[in-house]
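K.L.:
Please read through the structure below; I'll follow up with questions.
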Amino acid sequence: MQLVIDGIPCTAESGETILQVARRNRIDIPTLCHHDALEGVGACRLCVVAVRAHAEAVDAQVVASCMYAVKDGLQVDTATPEVRRLRQTVLDLLAARCPDAPEIQALRERMGGDAIDYAPAVDGSKCIMCYRCVRACEAIGCNAIAAVNRGPQKEIAPPFFDATQRCIGCGTCAAICPTGHIAVTETPQYREIWSQRFAMAQCAGCGAPFMTEATREHLAGLGKLKPDYFTHCAACRQRDAAARFVRVGT
């Protein structure tokens, strides 16, 4: 199907979103909550765009581009005055909640935002409630964290802010967080996250720590790969695979 984004004709497959098509055509639409490995939820609302059903349509509708499936003949504008105003309002609110998040400040500077003097809703927090971490934790089958409290005090945490057996210390939540809010400390022996300490698994090949023991048990328990697959780090597995390829080739 065909659509037009900012005057650029684009081709899309059925089921694709405006954001997916725009990125493939190198058309910039800012977003914080979106990640290609996760389904869109439209949490941050930065990716809003104006859409018209066809070229002759006059009235435009503002939608979240990460959630809006493309339609044949769709006309999309990513930077109308209304879209710019809405994005700036969202960024102002995010900056008020998380004034120390560098990603948000960088976006505001890029879009010409003025300084604001609001007290942060959660002291010292960089969390923008995008739910990336929650969705990623759910995707790997752990469901160890969720939104707790209400209103401006809402935050992401394990149940009752306490240690939970559901957490495996994999660090996926921290890696996928767009603002660096989730703290992780690590030594060759331990990884600490969400106030829990996890023993690190050592690679049988090089001896380097490469995941937590709990993560290895979780992945092995999924049954999609043989247990001995998780005895070596990715670099050693690649080296061993390359060595086997050379032996077969000779």
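Going through the structure tokens in order, the chains are called A, B, and so on, while each chain numbers its residues from 1 and the ligands are numbered from 1 in the order shown.
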If you count only C-alpha atoms, which residues fall within 9 Å of A:Glu217, apart from same-chain ones fewer than 6 positions away, as a PyMOL selection string?
P.N.:
chain A and resi 168+227+230
K.L.:
Calculate how many Å separate atom CA of A:Ala55 from atom CA of A:Arg87, rounding to one decimal.
P.N.:
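These two atoms are separated by 24.3 Å.
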K.L.:
Taking the backbone alone, and naming residues the way the document does, which bits of stretch 24-123 of chain A are helix (DSSP H, G or I) by DSSP, as a list in words?
P.N.:
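Those residues are Arg24, Pro81, Glu82, Val83, Arg84, Arg85, Leu86, Arg87, Gln88, Thr89, Val90, Leu91, Asp92, Leu93, Leu94, Ala95, Ala96, Arg97, Pro102, Glu103, Ile104, Gln105, Ala106, Leu107, Arg108, Glu109 and Arg110 of chain A.
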K.L.:
Quick one: everything within 8 Å of A:Ala174, counting only C-alpha atoms, minus sequence neighbours fewer than 4 positions away in the same chain. Send it as a list of chain:residue names.
P.N.:
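The residues that qualify are A:Cys133, A:Gly180, A:His181, A:Ile182, A:Ala183, A:Val184.
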K.L.:
Could you state the separation of atom CA of A:Arg108 and atom CA of A:Thr89 in Å, given to one decimal place?
P.N.:
10.1 Å
K.L.:
Report as a VMD selection string all protein, DNA and RNA residues lying within 10 Å of A:Ala50, evaluated on only C-alpha atoms, omitting residues in the same chain fewer than 5 positions from it.
P.N.:
chain A and resid 5 59 to 65 75 to 83
K.L.:
For the residues in the current selection, export N, CA and C atoms as a short mmCIF file (atom, residue, chain, number, x, y, z; two decimals), in the first residue's frame.
P.N.:
```
data_model
loop_
_atom_site.label_atom_id
_atom_site.label_comp_id
_atom_site.auth_asym_id
_atom_site.auth_seq_id
_atom_site.Cartn_x
_atom_site.Cartn_y
_atom_site.Cartn_z
N ILE A 5 4.32 10.67 3.60
CA ILE A 5 4.78 11.23 4.88
C ILE A 5 5.62 12.46 4.58
N ASP A 59 -9.68 17.88 7.24
CA ASP A 59 -9.49 17.72 8.68
C ASP A 59 -8.42 16.68 8.97
N ALA A 60 -7.53 17.02 9.90
CA ALA A 60 -6.46 16.10 10.31
C ALA A 60 -6.71 15.63 11.73
N GLN A 61 -6.26 14.43 12.00
CA GLN A 61 -6.37 13.83 13.32
C GLN A 61 -4.97 13.60 13.86
N VAL A 62 -4.75 13.93 15.13
CA VAL A 62 -3.44 13.71 15.76
C VAL A 62 -3.44 12.33 16.41
N VAL A 63 -2.45 11.50 16.05
CA VAL A 63 -2.39 10.12 16.55
C VAL A 63 -0.96 9.80 16.97
N ALA A 64 -0.81 8.75 17.76
CA ALA A 64 0.51 8.24 18.12
C ALA A 64 1.02 7.36 16.98
N SER A 65 2.10 7.74 16.36
CA SER A 65 2.57 7.03 15.17
C SER A 65 3.04 5.62 15.45
N GLN A 75 -2.23 10.33 4.42
CA GLN A 75 -1.37 11.51 4.34
C GLN A 75 -0.90 11.84 5.76
N VAL A 76 0.40 11.89 5.96
CA VAL A 76 0.97 12.08 7.30
C VAL A 76 1.85 13.32 7.33
N ASP A 77 1.65 14.16 8.34
CA ASP A 77 2.52 15.32 8.56
C ASP A 77 3.14 15.19 9.95
N THR A 78 4.46 15.22 10.00
CA THR A 78 5.15 14.97 11.28
C THR A 78 5.52 16.23 12.04
N ALA A 79 5.28 17.42 11.46
CA ALA A 79 5.76 18.64 12.13
C ALA A 79 4.82 19.83 11.91
N THR A 80 3.52 19.60 11.97
CA THR A 80 2.59 20.72 11.89
C THR A 80 2.71 21.55 13.17
N PRO A 81 2.22 22.79 13.18
CA PRO A 81 2.27 23.60 14.41
C PRO A 81 1.61 22.90 15.60
N GLU A 82 0.49 22.23 15.38
CA GLU A 82 -0.18 21.54 16.48
C GLU A 82 0.67 20.39 17.00
N VAL A 83 1.27 19.62 16.09
CA VAL A 83 2.11 18.51 16.49
C VAL A 83 3.31 19.01 17.28
#
```
K.L.:
Write out as a list in words each polymer residue whose atoms come within 8 Å of A:Glu103, counting only C-alpha atoms; drop sequence neighbours fewer than 4 positions from it.
P.N.:
Leu107, Pro178 and Thr179 of chain A
K.L.:
Tell me, as a VMD selection string, which residues lie within 12 Å of A:Leu222, counting only C-alpha atoms; anything in the same chain fewer than 4 positions away does not count.
P.N.:
chain A and resid 140 to 142 215 to 218 226 to 227
K.L.:
To one decimal place in Å, what is the distance between atom CA of A:Phe161 and atom CA of A:Met211?
P.N.:
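Interatomic distance, atom CA of A:Phe161 to atom CA of A:Met211: 23.7 Å.
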